[in-house]
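Read the structure below first, then the notes.
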Amino acid sequence: MIIKGNIMPVHKKLYLCPLLLSLLSACTSVPLDNRPASMYKEGENFYASRKYDDAIAQWKKVREAYASPDLTTNAELKIADAYFESERYIEATAAYDEFRKLHPSHEKAAYALYRMGLSSYYQITGIDTDQTPQKNTVTYLDEFLHKYPKSEYVADAKEKLDATITQQLQHEQYVARFYYRTEKYDAAIKRLEDALAAYPKNPTHDETYYLLGAACLRIGKLDKAKEAFNRLSSEFPGSPYIMDASKLLEKYY
């Protein structure tokens with residue numbers, strides 16, 4: 001008795017068997033648990049080659065796979081680093097902040113906060129532009145120095161914090177000069193006095209005292225003007241503003 005139907009020829013069966021075995025072998029040659037580790041390594045290779053978008057893409061896959069807590073945590077931090085190195089500082093800040101929220105006691109939490117400060121610092125463009133980056137830099141670096149006083153990044157954080165605070169003062173001086181030029185002397189005085197209170201010790205306060213004395217002279221506050229000029233000469237004996245202050249005194253009194 002002969003059974004008719006779609007029976008595959010024997011020679012084709014013999015051909016497909018090794019192929020199927022090969023495919024099965026390929027599927028099982030890389031265990032599922034090792035795939036995120038492999039993707040993480042690929043991300044590191046992309047990062048080393050400055051292919052930051054490709055690195056981020058790989059590390060996001062690792063994070064989403066959640067193969068292990070350590071691998072996931074490392075991928076989260078590496079994503080932030082890749083944003084930072086590619087100068088996408090807003091994204092870097094958000095990624096570092098997320099890392100800190102998820103892992104507040106992690107050994108890299110200090111590093112993440114320090115990098116948040118750097119991300120803001122590198123967004124600073126000048127004293128006559130939006131001052132949000134300066135404010136954020138001071139907030140992050142001040143918090144970092146208080147929380148992690150023994151960190152290896154303390155020296156650099158202090159240097160950048162001091163430079164940023166000086167920029168904030170220079171912004172106040174810039175605004176005060178504008179008020180002075182437009183003869184809004186009371187507004188200039190208010191701005192300068194607030195600056196002295198906010199930044200009591202700063203190497204650029206010679207200009208603050210000069211502007212304050214000059215504005216006070218213009219509205220007849222001679223005693224306050226002399227007080228400001230005396231502070232200028234006693235605290236900054238080598239300042240070029242001393243000569244300018246003397247000329248103003250001679251001119252108006």
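Within each chain, counting starts at residue 1; across the structure tokens, chains are named A, B, ... in the order shown, with ligands numbered 1 upward in that order.
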List as a VMD selection string the protein and nucleic acid residues near stretch 125-135 of chain A, meaning an atom at most 7 Å away when only C-alpha atoms are counted, but skip any in the same chain fewer than 6 places from it. chain A and resid 164 167 to 168 170 to 171
Close residues, A:Ser119 itself excluded, 9 Å, only C-alpha atoms, min 6 positions apart in chain, as a PyMOL selection string: chain A and resi 84+87-90+92-93+133+137
Selected residues written out with N, CA and C atoms, as a tab-separated table (two decimals), in the first residue's frame:
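The resulting selection.tsv:
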chain	number	residue	atom	x	y	z
A	84	PHE	N	27.84	63.50	29.24
A	84	PHE	CA	28.79	64.53	29.68
A	84	PHE	C	29.92	64.70	28.67
A	87	GLU	N	29.20	66.57	25.65
A	87	GLU	CA	28.84	67.96	25.95
A	87	GLU	C	27.34	68.22	25.92
A	88	ARG	N	26.57	67.18	26.17
A	88	ARG	CA	25.12	67.35	26.33
A	88	ARG	C	24.85	67.45	27.84
A	89	TYR	N	25.17	68.62	28.37
A	89	TYR	CA	25.23	68.78	29.81
A	89	TYR	C	23.87	68.76	30.49
A	90	ILE	N	22.85	69.20	29.80
A	90	ILE	CA	21.51	69.14	30.40
A	90	ILE	C	21.09	67.68	30.59
A	92	ALA	N	23.14	65.16	30.74
A	92	ALA	CA	24.06	64.58	31.71
A	92	ALA	C	23.60	64.87	33.14
A	93	THR	N	23.21	66.12	33.39
A	93	THR	CA	22.74	66.49	34.72
A	93	THR	C	21.54	65.65	35.13
A	133	PRO	N	23.05	78.77	34.98
A	133	PRO	CA	24.16	77.82	35.15
A	133	PRO	C	25.03	78.15	36.37
A	137	THR	N	25.52	75.65	39.47
A	137	THR	CA	26.89	75.23	39.80
A	137	THR	C	27.17	75.42	41.29
Find, counting only C-alpha atoms, the residue in A:Ile124, A:Ala37, A:Val175, A:Leu118 that gets nearest to A:Glu159.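 Smallest separation from A:Glu159 among the options: A:Leu118.
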Using only C-alpha atoms, which residues sit within 9 Å of A:Asp142 once same-chain residues fewer than 2 positions away are excluded, as a list in words?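 Listing them by chain and then by number gives Gly117, Thr137, Val138, Thr139, Tyr140, Phe144, Leu145, His146, Lys147, Ala157, Lys158 and Leu161 of chain A.
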Close residues, stretch 223-227 of chain A itself excluded, 8 Å, only C-alpha atoms, min 5 positions apart in chain, as a list in words: Leu212, Gly213, Ala214, Ala215, Cys216 and Leu217 of chain A
Every residue of stretch 7-182 of chain A that DSSP places in helix (DSSP H, G or I), as a ChimeraX atom specification: /A:10-29,32-48,52-65,69-85,89-102,109-121,132-147,154-181
When you look at A:Ala110 with a cut-off of 9 Å (counting only C-alpha atoms), what residues show up, excluding the ones that are within fewer than 4 positions of it in the same chain? I need them as a list in words.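 In the requested format, the answer is Arg100, His106, Tyr114, Arg115, Phe144, Lys147, Tyr148, Ser151 and Tyr153 of chain A.
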Counting only C-alpha atoms, closest pick from A:Leu211, A:Ala112, A:Asn202, A:Ala80 relative to A:Arg177 is A:Leu211
To one decimal place in Å, what is the distance between atom CA of A:Ile189 and atom CA of A:Asn136? 26.3 Å
Which of these, A:Leu169, A:Ala48, A:Lys41, A:Thr73, has the shortest distance to A:Arg191 once you count only C-alpha atoms?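 Nearest candidate to A:Arg191 out of A:Leu169, A:Ala48, A:Lys41, A:Thr73: A:Leu169.
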Atom CA of A:Ser234 to atom CA of A:Asp206: how many Å, to one decimal? 10.0 Å
Report the distance between atom CA of A:Ala245 and atom CA of A:Arg231 in Å, rounded to one decimal place.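 We find that atom CA of A:Ala245 and atom CA of A:Arg231 lie 11.4 Å from each other.
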